[in-house]
Each structure stands twice: as C-alpha cells, then as structure tokens.
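Below is one structure, written out as structure tokens; comments come after it.
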Amino acid sequence: MRVTEVFYSLQGEGMLAGVPSVFVRLAGCPFRCRWCDTAYAWDYAAGEDLSPDQIIEQVNRWPCRFVVLTGGEPMTAGDLSARPGLADLTQRLAAHGKHITIETAGALFLPDLACDLMSISPKLTNSGSCHGSVTGGHQANRLDVETLRRLIHAYPYQLKFVVESPEDVTEVQGVLGGLGELAPERVMLMPQGTTTEELLSRSPLIADLCKQTGLRFGPRLHVLLWGCRRGV
Ligand code: SF4
C-alpha cells in the first residue's frame with residue numbers, strides 16, 4: 001500500500017478535534033479540489049510502498065490509541081474502485097486495539113471496514129477542480145447522496161462540509177435533505193481556508209450560519225496552530 005507519510009499530531013477537525021492521533025496518509029486522490037491542502041498526496045505513486053505490518057510498526061512508534069487513515073482519498077483507487085488492502089489494514093489496526101477514523105470524501109461505499117468514525121467530507125460545488133481529476137469528472141463524481149446514506153447507516157459517522165458562503169449552506173441543506181434524520185451534532189460546517197488568516201477571516205460568517213441552521217461549527221485546529229504544511 002502506497003503511503004505518503006505517517007506522523008503524530010492532534011486531530012484538527014471534527015468531533016475528535018484536539019485528540020492526539022497518529023495519521024497514516026495514503027497516497028492518491030482521484031479528485032482535484034480547488035482548495036485542497038494536501039496536493040502533495042494526490043499522486044497514487046507518491047511516498048513509499050509499505051506492507052500492513054510495516055504500517056502498523058510505524059503507527060506503534062507512538063503510544064497512541066487513535067489512528068486516522070487519511071489521504072489523499074484513502075477509500076479509493078484512481079478509477080474510484082476500492083483501494084486494495086484497506087479493509088485488511090483496518091482490521092489489523094483494530095486487532096491492535098486502535099480507534100480508527102477514516103477521512104473520506106464519501107464517494108464510495110465499502111463494507112467490512114473496521115472503522116470507529118467514518119469522517120465524511122462531501123465535496124460541494126465550491127470544491128471545483130483546479131487541475132482536472134484523474135477520473136476526468138470531478139463534478140460528476142464528487143458527491144453521491146445514496147453513497148453517503150449507505151456510509152452513515154453502516155458506520156458511526158460525522159459529516160464535515162467546507163463552506164465559504166451562505167449559498168454553500170443552501171447546498172448543504174439540499175444534501176442533508178436526502179439523507180434522512182441526522183444528529184445535528186454530527187454535522188459540521190468548516191470554514192474554507194488553508195492559512196490561519198483565511199480561516200480567521202471566514203470564521204465569523206460560518207459561525208453565524210451555524211447559529212442560523214443549528215449545525216455545528218467545525219474547527220481546523222491544525223491550520224490554526226501550524227498553517228498549511230506537511231506532517232501536522
Ligand atoms: S478529496 Fe480531499 S484530498 Fe482529494 S483533492 Fe479533495 S480535499 Fe484534497
């Protein structure tokens with residue numbers, strides 16, 4: 001399995017924000033979001049090939065129960081099929097007593113994952129595609145409500161939407177309307193921003209939009225603390 005980096009940091013987003021966690025950043029993403037902060041992980045050939053045992057050996061260098069499988073897009077191969085070996089890796093990590101979060105765009109449903117938190121960041125229209133996607137269809141493939149519904153029914157979940165404007169929140173509500181009843185504390189609006197300055201300047205608007213909708217404000221602690229760089 002191709003791995004871009006393994007590092008120890010604080011979870012920056014979602015319900016576990018602030019929890020020390022080991023991150024396994026798998027290589028490759030079929031999308032090309034305009035504001036992606038991990039473009040260095042887009043290439044499926046980035047990083048190095050590690051076996052599941054080698055990944056677990058690296059994860060266990062830190063005395064930490066929380067493991068985040070991220071990317072890139074950890075669920076998919078470049079053609080949007082299932083990433084080979086992912087289910088096996090999650091099951092092995094679970095056997096080591098790890099709490100597993102999977103950070104995904106939610107474009108593919110996979111059964112049989114050992115996953116304590118399916119952290120889904122569905123991509124809105126605002127994600128655009130800055131360089132064209134591997135699949136050639138960012139807008140066509142970025143969001144499928146039926147796939148989201150299957151994921152949130154199969155796994156403990158959270159939904160994190162990156163927003164910039166009130167129009168984005170209207171789009172969020174349209175997506176949520178197709179998902180049935182959801183726990184509002186599991187649905188977050190996160191300000192778009194890859195620098196501390198951008199985040200802080202957008203946060204008051206997003207806070208107001210949270211108050212209007214009853215949705216949760218989603219921090220991006222890693223960007224606030226360290227800005228947009230690798231290994232954090
Ligand atoms: S899906 Fe995630 S990793 Fe892929 S380009 Fe978009 S923001 Fe970046």
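Following the order of the structure tokens, chains are lettered A, B, ..., residues in each are numbered from 1, and ligands are numbered from 1.
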All residues having an atom within 7 Å of ligand 1 (only C-alpha atoms and all ligand atoms) as a count of residues only: 15
List every residue of segment 141-226 of chain A that has an atom at most 7 Å from any atom of segment 4-27 of chain A, and for each one report the closest atom pair and its distance in Å to one decimal, counting only C-alpha atoms, with rows sorted by chain and then by increasing residue number, as a Markdown table.
| residue | atom | partner | partner_atom | distance |
| --- | --- | --- | --- | --- |
| A:Gly218 | CA | A:Gly14 | CA | 6.0 |
| A:Pro219 | CA | A:Glu13 | CA | 5.7 |
| A:Arg220 | CA | A:Gly12 | CA | 5.1 |
| A:Leu221 | CA | A:Gly12 | CA | 4.3 |
| A:His222 | CA | A:Gly12 | CA | 4.7 |
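Shortest separation to Gly178 of chain A among A:Ala95, A:Ile120, A:Leu148, A:Val162 occurs at residue A:Leu148, atoms counted being only C-alpha atoms.
Proximity to Leu209 of chain A was assessed for A:Glu164, A:Cys228, A:Leu179, A:Asp43 counting only C-alpha atoms; the smallest distance is recorded for A:Glu164.
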Counting only C-alpha atoms, the residue among A:Thr194, A:Asn141, A:Ser51, A:Ser165 that lies closest to Leu89 of chain A is A:Ser51
Which residues, written as a list in words, have at least one atom at most 9 Å from Met118 of chain A, with only C-alpha atoms counted and residues fewer than 2 positions away on the same chain left out? Ile100, Thr101, Ile102, Glu103, Thr104, Gly106, Cys115, Asp116, Ile120, Leu151, Ile152, Tyr155, Pro156, Tyr157, Gln158 and Leu159 of chain A
Mind writing the picked residues with all heavy atoms as a compact mmCIF listing (two decimals), in the first residue's frame?
# COMPACT_ATOMS: atom_id res chain seq x y z
N ILE A 100 -10.15 3.78 15.08
CA ILE A 100 -9.84 4.12 13.68
C ILE A 100 -10.84 5.12 13.12
O ILE A 100 -12.05 4.87 13.10
CB ILE A 100 -9.85 2.84 12.82
CG1 ILE A 100 -8.80 1.86 13.36
CG2 ILE A 100 -9.57 3.18 11.35
CD1 ILE A 100 -9.02 0.44 12.92
N THR A 101 -10.30 6.25 12.69
CA THR A 101 -11.07 7.23 11.93
C THR A 101 -10.64 7.13 10.47
O THR A 101 -9.45 7.03 10.18
CB THR A 101 -10.80 8.66 12.43
OG1 THR A 101 -11.21 8.78 13.78
CG2 THR A 101 -11.55 9.70 11.59
N ILE A 102 -11.61 7.14 9.57
CA ILE A 102 -11.29 7.21 8.14
C ILE A 102 -11.80 8.54 7.61
O ILE A 102 -12.99 8.86 7.73
CB ILE A 102 -11.94 6.04 7.36
CG1 ILE A 102 -11.39 4.71 7.88
CG2 ILE A 102 -11.68 6.18 5.86
CD1 ILE A 102 -11.99 3.48 7.22
N GLU A 103 -10.89 9.33 7.05
CA GLU A 103 -11.24 10.64 6.48
C GLU A 103 -11.48 10.46 4.99
O GLU A 103 -10.55 10.14 4.25
CB GLU A 103 -10.09 11.64 6.69
CG GLU A 103 -9.71 11.89 8.14
CD GLU A 103 -10.64 12.89 8.83
OE1 GLU A 103 -11.56 13.41 8.16
OE2 GLU A 103 -10.45 13.12 10.03
N THR A 104 -12.70 10.67 4.56
CA THR A 104 -13.04 10.39 3.16
C THR A 104 -13.97 11.44 2.59
O THR A 104 -14.73 12.07 3.33
CB THR A 104 -13.71 9.00 3.03
OG1 THR A 104 -14.04 8.76 1.66
CG2 THR A 104 -14.95 8.89 3.90
N GLY A 106 -16.31 10.45 0.78
CA GLY A 106 -17.58 9.73 0.79
C GLY A 106 -18.13 9.42 -0.58
O GLY A 106 -19.34 9.31 -0.76
N CYS A 115 -14.01 0.42 11.48
CA CYS A 115 -13.99 1.89 11.47
C CYS A 115 -14.84 2.40 12.63
O CYS A 115 -16.04 2.11 12.70
CB CYS A 115 -14.54 2.41 10.13
SG CYS A 115 -14.64 4.19 10.05
N ASP A 116 -14.21 3.13 13.54
CA ASP A 116 -14.93 3.69 14.68
C ASP A 116 -15.56 5.03 14.35
O ASP A 116 -16.48 5.47 15.04
CB ASP A 116 -13.96 3.86 15.85
CG ASP A 116 -13.38 2.53 16.28
OD1 ASP A 116 -14.10 1.76 16.92
OD2 ASP A 116 -12.21 2.25 15.95
N ILE A 120 -16.73 11.97 7.06
CA ILE A 120 -17.04 12.19 5.64
C ILE A 120 -17.08 13.68 5.36
O ILE A 120 -17.78 14.43 6.04
CB ILE A 120 -18.42 11.58 5.30
CG1 ILE A 120 -18.51 10.13 5.80
CG2 ILE A 120 -18.66 11.64 3.80
CD1 ILE A 120 -19.93 9.58 5.80
N LEU A 151 -23.06 4.96 3.76
CA LEU A 151 -21.94 5.10 4.70
C LEU A 151 -22.43 5.45 6.10
O LEU A 151 -21.98 4.87 7.09
CB LEU A 151 -20.96 6.18 4.21
CG LEU A 151 -20.07 5.79 3.04
CD1 LEU A 151 -19.36 7.04 2.48
CD2 LEU A 151 -19.03 4.74 3.45
N ILE A 152 -23.36 6.40 6.18
CA ILE A 152 -23.76 6.85 7.53
C ILE A 152 -24.66 5.84 8.22
O ILE A 152 -24.78 5.85 9.45
CB ILE A 152 -24.42 8.25 7.51
CG1 ILE A 152 -25.75 8.24 6.78
CG2 ILE A 152 -23.49 9.29 6.90
CD1 ILE A 152 -26.41 9.61 6.76
N TYR A 155 -21.78 2.92 9.40
CA TYR A 155 -20.67 3.24 10.32
C TYR A 155 -21.03 4.42 11.22
O TYR A 155 -21.81 5.29 10.82
CB TYR A 155 -19.42 3.62 9.50
CG TYR A 155 -18.91 2.53 8.60
CD1 TYR A 155 -19.12 2.57 7.23
CD2 TYR A 155 -18.22 1.44 9.13
CE1 TYR A 155 -18.65 1.56 6.39
CE2 TYR A 155 -17.76 0.43 8.31
CZ TYR A 155 -17.97 0.49 6.94
OH TYR A 155 -17.51 -0.53 6.13
N PRO A 156 -20.42 4.48 12.42
CA PRO A 156 -20.50 5.73 13.18
C PRO A 156 -19.91 6.85 12.31
O PRO A 156 -18.85 6.65 11.70
CB PRO A 156 -19.61 5.46 14.41
CG PRO A 156 -19.50 3.98 14.49
CD PRO A 156 -19.60 3.47 13.09
N TYR A 157 -20.56 7.97 12.24
CA TYR A 157 -20.18 8.95 11.22
C TYR A 157 -20.09 10.36 11.78
O TYR A 157 -20.59 10.69 12.85
CB TYR A 157 -21.21 8.96 10.09
CG TYR A 157 -22.54 9.56 10.53
CD1 TYR A 157 -22.81 10.92 10.35
CD2 TYR A 157 -23.50 8.78 11.17
CE1 TYR A 157 -24.01 11.47 10.78
CE2 TYR A 157 -24.69 9.34 11.60
CZ TYR A 157 -24.94 10.68 11.41
OH TYR A 157 -26.11 11.23 11.86
N GLN A 158 -19.43 11.21 11.00
CA GLN A 158 -19.61 12.66 11.10
C GLN A 158 -19.55 13.20 9.68
O GLN A 158 -18.94 12.60 8.79
CB GLN A 158 -18.54 13.31 11.98
CG GLN A 158 -17.12 13.17 11.47
CD GLN A 158 -16.10 13.74 12.45
OE1 GLN A 158 -16.41 14.10 13.57
NE2 GLN A 158 -14.85 13.80 12.02
N LEU A 159 -20.23 14.31 9.46
CA LEU A 159 -20.23 14.96 8.16
C LEU A 159 -19.61 16.34 8.31
O LEU A 159 -20.03 17.12 9.17
CB LEU A 159 -21.66 15.09 7.63
CG LEU A 159 -22.34 13.80 7.16
CD1 LEU A 159 -23.85 14.00 7.05
CD2 LEU A 159 -21.77 13.35 5.83
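Between atom CA of Pro122 of chain A and atom CA of Asp144 of chain A the separation is 8.6 Å.
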What does the distance from atom CA of Gly47 of chain A to atom CA of Trp226 of chain A come to in Å, to one decimal?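 That distance, rounded to one decimal, is 22.2 Å.
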Mind checking which residues fall within 7 Å of Arg65 of chain A, counting only C-alpha atoms, ignoring those fewer than 2 positions away in the same chain, and posting them as a list of chain:residue names?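 The neighbour list is A:Pro63, A:Val67, A:Gly97, A:Lys98, A:His99.
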Expected file contents, prior selection, N, CA and C atoms, as an mmCIF file, in the first residue's frame:
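Contents of part_4.cif, as written:
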data_model
loop_
_atom_site.group_PDB
_atom_site.id
_atom_site.type_symbol
_atom_site.label_atom_id
_atom_site.label_comp_id
_atom_site.auth_asym_id
_atom_site.auth_seq_id
_atom_site.Cartn_x
_atom_site.Cartn_y
_atom_site.Cartn_z
ATOM 1 N N PRO A 63 2.797 5.874 21.540
ATOM 2 C CA PRO A 63 1.854 5.195 22.438
ATOM 3 C C PRO A 63 0.486 5.856 22.357
ATOM 4 N N VAL A 67 -5.976 6.362 15.636
ATOM 5 C CA VAL A 67 -5.323 6.317 14.326
ATOM 6 C C VAL A 67 -6.294 6.902 13.298
ATOM 7 N N GLY A 97 -5.989 -2.867 18.933
ATOM 8 C CA GLY A 97 -6.697 -2.037 19.907
ATOM 9 C C GLY A 97 -6.841 -0.579 19.503
ATOM 10 N N LYS A 98 -6.655 -0.280 18.217
ATOM 11 C CA LYS A 98 -6.695 1.115 17.767
ATOM 12 C C LYS A 98 -8.133 1.590 17.527
ATOM 13 N N HIS A 99 -8.355 2.846 17.839
ATOM 14 C CA HIS A 99 -9.589 3.535 17.432
ATOM 15 C C HIS A 99 -9.313 4.125 16.049
#
Leaving out Glu167 of chain A and any residue of its chain fewer than 3 positions from it, which residues lie within 12 Å of it when counting only C-alpha atoms, given as a PyMOL selection string? chain A and resi 124-126+163-164+170-174+206+209
Write a file of the just-selected residues containing N, CA and C atoms, as a PDB file, in the first residue's frame.
ATOM      1  N   LEU A 124     -18.739  19.902  -2.069  1.00  0.00           N
ATOM      2  CA  LEU A 124     -19.763  20.760  -2.657  1.00  0.00           C
ATOM      3  C   LEU A 124     -19.274  21.317  -3.994  1.00  0.00           C
ATOM      4  N   THR A 125     -20.147  22.069  -4.658  1.00  0.00           N
ATOM      5  CA  THR A 125     -19.772  22.697  -5.925  1.00  0.00           C
ATOM      6  C   THR A 125     -18.537  23.569  -5.764  1.00  0.00           C
ATOM      7  N   ASN A 126     -18.390  24.182  -4.582  1.00  0.00           N
ATOM      8  CA  ASN A 126     -17.269  25.106  -4.371  1.00  0.00           C
ATOM      9  C   ASN A 126     -15.906  24.421  -4.405  1.00  0.00           C
ATOM     10  N   VAL A 163     -17.250  25.208   3.735  1.00  0.00           N
ATOM     11  CA  VAL A 163     -18.141  26.234   3.181  1.00  0.00           C
ATOM     12  C   VAL A 163     -17.446  27.597   3.159  1.00  0.00           C
ATOM     13  N   GLU A 164     -17.924  28.410   2.210  1.00  0.00           N
ATOM     14  CA  GLU A 164     -17.390  29.768   2.052  1.00  0.00           C
ATOM     15  C   GLU A 164     -18.484  30.818   2.110  1.00  0.00           C
ATOM     16  N   THR A 170     -26.928  26.547   1.652  1.00  0.00           N
ATOM     17  CA  THR A 170     -28.155  26.116   0.979  1.00  0.00           C
ATOM     18  C   THR A 170     -27.908  24.766   0.292  1.00  0.00           C
ATOM     19  N   GLU A 171     -26.732  24.642  -0.323  1.00  0.00           N
ATOM     20  CA  GLU A 171     -26.390  23.368  -0.978  1.00  0.00           C
ATOM     21  C   GLU A 171     -26.253  22.246   0.063  1.00  0.00           C
ATOM     22  N   VAL A 172     -25.632  22.574   1.203  1.00  0.00           N
ATOM     23  CA  VAL A 172     -25.507  21.578   2.289  1.00  0.00           C
ATOM     24  C   VAL A 172     -26.896  21.091   2.696  1.00  0.00           C
ATOM     25  N   GLN A 173     -27.812  22.014   2.869  1.00  0.00           N
ATOM     26  CA  GLN A 173     -29.144  21.616   3.329  1.00  0.00           C
ATOM     27  C   GLN A 173     -29.847  20.741   2.295  1.00  0.00           C
ATOM     28  N   GLY A 174     -29.565  20.984   1.026  1.00  0.00           N
ATOM     29  CA  GLY A 174     -30.112  20.114  -0.004  1.00  0.00           C
ATOM     30  C   GLY A 174     -29.571  18.690   0.122  1.00  0.00           C
ATOM     31  N   ILE A 206     -19.170  31.857   9.125  1.00  0.00           N
ATOM     32  CA  ILE A 206     -19.571  30.451   9.279  1.00  0.00           C
ATOM     33  C   ILE A 206     -20.225  30.243  10.641  1.00  0.00           C
ATOM     34  N   LEU A 209     -23.736  31.294  10.315  1.00  0.00           N
ATOM     35  CA  LEU A 209     -24.502  30.311   9.550  1.00  0.00           C
ATOM     36  C   LEU A 209     -24.826  29.083  10.402  1.00  0.00           C
TER      37      LEU A 209
END
Quick check for you: according to DSSP on this backbone, which residues of segment 36-125 of chain A are classed as helix (DSSP H, G or I)? Reply as a PyMOL selection string. chain A and resi 39-41+52-59+86-95+125
Output for the residues just chosen: C-alpha atoms as a short mmCIF file (atom, residue, chain, number, x, y, z; two decimals), in the first residue's frame:
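And here's result_12.cif as it stands now:
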data_model
loop_
_atom_site.label_atom_id
_atom_site.label_comp_id
_atom_site.auth_asym_id
_atom_site.auth_seq_id
_atom_site.Cartn_x
_atom_site.Cartn_y
_atom_site.Cartn_z
CA ALA A 39 -2.00 18.28 -3.01
CA TYR A 40 1.33 16.55 -2.38
CA ALA A 41 -0.69 13.37 -1.72
CA PRO A 52 0.30 -3.68 6.59
CA ASP A 53 2.86 -4.95 9.12
CA GLN A 54 5.23 -2.07 8.26
CA ILE A 55 2.41 0.47 8.60
CA ILE A 56 1.45 -0.95 11.99
CA GLU A 57 5.08 -0.95 13.08
CA GLN A 58 5.29 2.77 12.25
CA VAL A 59 1.95 3.53 13.93
CA LEU A 86 -7.80 -1.12 3.02
CA ALA A 87 -10.24 -3.43 4.83
CA ASP A 88 -7.40 -5.73 5.84
CA LEU A 89 -5.37 -2.79 7.20
CA THR A 90 -8.30 -1.52 9.28
CA GLN A 91 -8.93 -4.97 10.71
CA ARG A 92 -5.29 -5.41 11.67
CA LEU A 93 -5.21 -1.99 13.32
CA ALA A 94 -8.38 -2.86 15.24
CA ALA A 95 -6.75 -6.07 16.41
CA THR A 125 -19.77 22.70 -5.93
#
Distance of atom CA of Met188 of chain A from atom CA of Arg150 of chain A, expressed in Å to one decimal place: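 Computing the Euclidean distance for atom CA of Arg150 of chain A and atom CA of Met188 of chain A yields 18.9 Å.
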